[in-house]
Amino acid sequence: MSTVSVLTDSCASIPEEMLNGLNIQTVAYYIHRGQEVLRDLVTIQREEFLRWLMTARCLPTTASPGPGDYFEAYHHLAERGAREIISIHMTSVGSGAYQAASVAKSMLAEQMPEVRIEVIDTRSVSLCQGWMVIEAARAALAGARLDEITSRVRAMIPITRMIQTADTLKYLYMGGRIGKAQQMIGSLLNIKPLIGMADGVIVPLGRAHSRSQAYQMMADMVGDAVGAGRARIAYVHAGAQREVEKLREMVEGRVTVVESFLAELSPALAVHTGPGTAGLCFYPIK
C-alpha cells in the first residue's frame, strides 16, 4: 500500500493508462484561446486541438495552474488520507507551476500541518518531467517513503535529457519559449532544428537537412550519452506518430533500451512546439 501520493501537472504528457495504473494525480494547465479558457486534457484533447492549431492565425496563450488549483489538489489527497505528497513540476524558468505549488504547500500547512509535501523543480519538461513522475510513483507503490523518493527524483534531474525536432521553430518563437535557440531563427529555411534543454532553458543541439538526418543525429546523441549502458526512453510527438516510430527504430538499433513507449504531447505543450514535432526523453540506467 502506497504511503506517498504523487502529483504532477498535465504538461508531463504521461499516457492516460500509466497515470491510472500508477495512481498519479494531475493538475491541468490553462489554455487561453481568444475568449475561451480551456483546461489541458480536460476540456480540450490532443487531436481536436492539433487540427485547430494547424489553421490558427495566432497562437493561444498558456498559463500554469495557480496556487488555488494546487491547494485544491493537495487538500483532496489529504482528505483521502495522504500524509506525504511529492509534487513534481516542469522547469521554473519557463513556467510558474513550481512557484504556485510552493505557495499551495504553505497554504495547506496552515490548515493541515500533519501533511508533508515536497515540491520538485525538474528543470525540464515533457516526458523528462514525466519520467521522474513515473519513477516516483513506482517507488511509492513499492512502499518507499517520501525522503527516499525525493532523493531518487533529484538524482534523475541532471541525467534526464530531451531531444526533439520539428519543421520550424515558429511556435516556440511566437510563444516566447525559444530560450538559447534564438540564434537559430532566420537561418532555418529547409533545415530541421534539433533542440534540447539545459538547466531549464531551451538550447540548440544542431541542425539537419532532412527528418531522416535529424533522427540519425538524435540516435547518435542518445548512443553517445548511453554508451554501452542501457536506457529508458519515451518517444514524444505532436500529431506525428509515424515519424516518431521511425525515430524509435533508429534509436533502438543503436542502444539497449530496457523500457520505451510512445506519448503525445499535451495541448498546452503543443502550443509551443507545433504540429509535427517528434523527439524523445530519456535517461541512462546502470
# chains A, B, ... in the order shown; residues from 1 in each chain; ligands from 1

$ select_by_dssp --residues "segment 1-108 of chain A" --states "alpha helix (DSSP H)" --output "ChimeraX atom specification"
/A:16-21,46-53,67-79,97-108

$ residues_around --residues "Thr62 of chain A" --least-positions-apart "3" --cutoff "7 Å" --atoms "only C-alpha atoms" --output "MDAnalysis selection string"
chainID A and resid 30:32 268

$ write_last_selection --atoms "C-alpha atoms" --output "PDB file, in the first residue's frame"
ATOM      1  CA  TYR A  30      -4.796  26.551 -18.785  1.00  0.00           C
ATOM      2  CA  ILE A  31      -5.024  27.419 -22.478  1.00  0.00           C
ATOM      3  CA  HIS A  32      -6.475  30.824 -23.404  1.00  0.00           C
ATOM      4  CA  ALA A 268      -0.510  23.071 -23.536  1.00  0.00           C
TER       5      ALA A 268
END

$ residues_around --residues "Phe282 of chain A" --least-positions-apart "4" --cutoff "7 Å" --atoms "only C-alpha atoms" --output "compact mmCIF listing (two decimals) with N, CA and C atoms, in the first residue's frame"
# COMPACT_ATOMS: atom_id res chain seq x y z
N CYS A 128 10.54 14.19 -19.84
CA CYS A 128 11.66 14.21 -18.89
C CYS A 128 11.08 14.41 -17.49
N THR A 160 18.48 13.20 -17.07
CA THR A 160 17.34 13.01 -17.95
C THR A 160 17.37 14.08 -19.04
N ARG A 161 17.31 13.63 -20.29
CA ARG A 161 17.54 14.55 -21.41
C ARG A 161 16.42 14.51 -22.44
N MET A 162 16.18 15.64 -23.04
CA MET A 162 15.21 15.78 -24.13
C MET A 162 15.92 16.17 -25.41
N ALA A 231 19.05 2.24 -21.38
CA ALA A 231 18.27 3.48 -21.24
C ALA A 231 16.78 3.19 -21.15
N ARG A 232 16.07 4.12 -20.57
CA ARG A 232 14.61 4.19 -20.65
C ARG A 232 14.28 5.39 -21.51
N ILE A 233 13.40 5.20 -22.49
CA ILE A 233 13.12 6.24 -23.48
C ILE A 233 11.63 6.39 -23.70
N ALA A 234 11.16 7.63 -23.69
CA ALA A 234 9.80 7.96 -24.11
C ALA A 234 9.91 8.72 -25.42

$ residues_around --residues "Thr3 of chain A" --least-positions-apart "2" --cutoff "10 Å" --atoms "only C-alpha atoms" --output "JSON, numbers by chain"
{"A": [1, 5, 6, 81, 82, 83, 84, 85, 140, 141, 142, 143, 144, 145, 146]}

$ residues_around --residues "Gly206 of chain A" --least-positions-apart "4" --cutoff "9 Å" --atoms "only C-alpha atoms" --output "compact mmCIF listing (two decimals) with C-alpha atoms, in the first residue's frame"
# COMPACT_ATOMS: atom_id res chain seq x y z
CA LYS A 192 15.31 20.69 -39.31
CA PRO A 193 16.44 22.15 -35.99
CA LEU A 194 17.38 19.92 -33.07
CA ILE A 195 16.74 21.37 -29.64
CA ALA A 214 17.73 14.64 -37.82
CA MET A 217 21.69 12.63 -35.31

$ closest_residue --among "A:Thr150, A:Thr61, A:Ser95, A:Gln111" --to "Arg33 of chain A" --atoms "only C-alpha atoms"
A:Thr61

$ closest_residue --among "A:Leu38, A:Ala101, A:Ala56, A:Leu50" --to "Thr8 of chain A" --atoms "only C-alpha atoms"
A:Ala101

$ select_by_dssp --residues "segment 18-218 of chain A" --states "strand (DSSP E or B)" --output "ChimeraX atom specification"
/A:24-27,30-33,36-40,44,61-63,84-89,116-121,161-165,192-198,201-208

$ write_last_selection --atoms "N, CA and C atoms" --output "compact mmCIF listing (two decimals), in the first residue's frame"
# COMPACT_ATOMS: atom_id res chain seq x y z
N ILE A 24 -1.19 8.24 -10.41
CA ILE A 24 -0.60 9.57 -10.47
C ILE A 24 -1.71 10.61 -10.60
N GLN A 25 -1.67 11.63 -9.76
CA GLN A 25 -2.66 12.71 -9.79
C GLN A 25 -2.12 13.87 -10.63
N THR A 26 -2.99 14.48 -11.43
CA THR A 26 -2.54 15.60 -12.26
C THR A 26 -3.41 16.83 -12.05
N VAL A 27 -2.80 17.98 -12.31
CA VAL A 27 -3.49 19.27 -12.30
C VAL A 27 -3.35 19.86 -13.70
N TYR A 30 -3.78 25.75 -18.12
CA TYR A 30 -4.80 26.55 -18.79
C TYR A 30 -4.33 26.92 -20.19
N ILE A 31 -5.27 26.94 -21.12
CA ILE A 31 -5.02 27.42 -22.48
C ILE A 31 -6.06 28.51 -22.76
N HIS A 32 -5.58 29.70 -23.10
CA HIS A 32 -6.48 30.82 -23.40
C HIS A 32 -6.51 31.00 -24.92
N ARG A 33 -7.64 30.66 -25.52
CA ARG A 33 -7.82 30.74 -26.97
C ARG A 33 -8.89 31.78 -27.26
N GLU A 36 -11.97 32.00 -24.97
CA GLU A 36 -12.14 30.70 -24.33
C GLU A 36 -11.04 30.44 -23.31
N VAL A 37 -11.40 29.84 -22.20
CA VAL A 37 -10.42 29.34 -21.24
C VAL A 37 -10.57 27.83 -21.18
N LEU A 38 -9.57 27.13 -21.67
CA LEU A 38 -9.60 25.68 -21.77
C LEU A 38 -8.70 25.07 -20.71
N ARG A 39 -9.04 23.86 -20.28
CA ARG A 39 -8.19 23.12 -19.34
C ARG A 39 -7.52 21.97 -20.10
N ASP A 40 -6.22 21.95 -20.03
CA ASP A 40 -5.41 20.99 -20.76
C ASP A 40 -5.82 19.55 -20.44
N ILE A 44 -10.17 20.19 -23.46
CA ILE A 44 -9.62 20.13 -24.82
C ILE A 44 -8.67 18.94 -24.89
N THR A 61 -2.50 31.45 -25.68
CA THR A 61 -1.50 31.53 -24.61
C THR A 61 -1.78 30.43 -23.60
N THR A 62 -0.75 30.09 -22.86
CA THR A 62 -0.90 29.06 -21.82
C THR A 62 -0.53 29.65 -20.47
N ALA A 63 -1.08 29.06 -19.44
CA ALA A 63 -0.78 29.50 -18.07
C ALA A 63 -0.75 28.30 -17.16
N GLU A 84 1.88 12.21 3.07
CA GLU A 84 3.10 12.60 2.38
C GLU A 84 2.78 12.72 0.89
N ILE A 85 3.21 13.84 0.30
CA ILE A 85 2.93 14.11 -1.11
C ILE A 85 4.21 14.60 -1.77
N ILE A 86 4.53 14.06 -2.95
CA ILE A 86 5.62 14.62 -3.76
C ILE A 86 4.98 15.24 -4.99
N SER A 87 5.30 16.50 -5.24
CA SER A 87 4.67 17.32 -6.27
C SER A 87 5.76 17.71 -7.26
N ILE A 88 5.66 17.24 -8.51
CA ILE A 88 6.77 17.30 -9.46
C ILE A 88 6.37 18.13 -10.67
N HIS A 89 7.19 19.15 -11.00
CA HIS A 89 6.78 20.16 -11.98
C HIS A 89 7.86 20.51 -12.99
N ARG A 116 2.91 16.37 4.93
CA ARG A 116 4.23 16.82 4.45
C ARG A 116 4.26 16.78 2.93
N ILE A 117 4.71 17.87 2.32
CA ILE A 117 4.75 17.98 0.86
C ILE A 117 6.16 18.37 0.43
N GLU A 118 6.69 17.68 -0.58
CA GLU A 118 7.95 18.07 -1.23
C GLU A 118 7.61 18.52 -2.64
N VAL A 119 8.01 19.74 -2.99
CA VAL A 119 7.77 20.29 -4.32
C VAL A 119 9.08 20.29 -5.09
N ILE A 120 9.08 19.68 -6.29
CA ILE A 120 10.30 19.49 -7.07
C ILE A 120 10.26 20.31 -8.34
N ASP A 121 11.31 21.07 -8.60
CA ASP A 121 11.53 21.74 -9.88
C ASP A 121 12.43 20.84 -10.71
N ARG A 161 17.31 13.63 -20.29
CA ARG A 161 17.54 14.55 -21.41
C ARG A 161 16.42 14.51 -22.44
N MET A 162 16.18 15.64 -23.04
CA MET A 162 15.21 15.78 -24.13
C MET A 162 15.92 16.17 -25.41
N ILE A 163 15.53 15.54 -26.53
CA ILE A 163 15.96 15.96 -27.85
C ILE A 163 14.73 15.94 -28.74
N GLN A 164 14.48 16.99 -29.49
CA GLN A 164 13.34 16.99 -30.38
C GLN A 164 13.61 17.81 -31.63
N THR A 165 12.83 17.55 -32.65
CA THR A 165 12.94 18.29 -33.89
C THR A 165 11.55 18.61 -34.42
N LYS A 192 16.02 21.28 -40.45
CA LYS A 192 15.31 20.69 -39.31
C LYS A 192 16.13 20.95 -38.06
N PRO A 193 15.67 21.83 -37.19
CA PRO A 193 16.44 22.15 -35.99
C PRO A 193 16.32 21.05 -34.95
N LEU A 194 17.39 20.80 -34.23
CA LEU A 194 17.38 19.92 -33.07
C LEU A 194 17.54 20.78 -31.83
N ILE A 195 16.65 20.59 -30.87
CA ILE A 195 16.74 21.37 -29.64
C ILE A 195 16.64 20.45 -28.44
N GLY A 196 17.16 20.93 -27.32
CA GLY A 196 17.08 20.21 -26.06
C GLY A 196 16.88 21.21 -24.94
N MET A 197 17.18 20.78 -23.74
CA MET A 197 17.03 21.65 -22.59
C MET A 197 18.22 21.47 -21.67
N ALA A 198 18.77 22.58 -21.21
CA ALA A 198 19.89 22.56 -20.27
C ALA A 198 19.58 23.52 -19.14
N VAL A 201 16.38 25.61 -19.62
CA VAL A 201 16.23 26.53 -20.75
C VAL A 201 16.39 25.76 -22.07
N ILE A 202 15.57 26.11 -23.07
CA ILE A 202 15.69 25.51 -24.40
C ILE A 202 17.03 25.90 -25.01
N VAL A 203 17.76 24.90 -25.55
CA VAL A 203 19.07 25.16 -26.16
C VAL A 203 19.14 24.47 -27.52
N PRO A 204 19.94 25.02 -28.46
CA PRO A 204 20.12 24.37 -29.76
C PRO A 204 21.09 23.19 -29.64
N LEU A 205 20.79 22.11 -30.34
CA LEU A 205 21.66 20.94 -30.34
C LEU A 205 22.24 20.64 -31.70
N GLY A 206 21.72 21.28 -32.74
CA GLY A 206 22.23 21.03 -34.08
C GLY A 206 21.15 21.28 -35.11
N ARG A 207 21.48 21.00 -36.36
CA ARG A 207 20.53 21.18 -37.45
C ARG A 207 20.80 20.14 -38.51
N ALA A 208 19.73 19.72 -39.15
CA ALA A 208 19.83 18.69 -40.18
C ALA A 208 19.09 19.17 -41.43
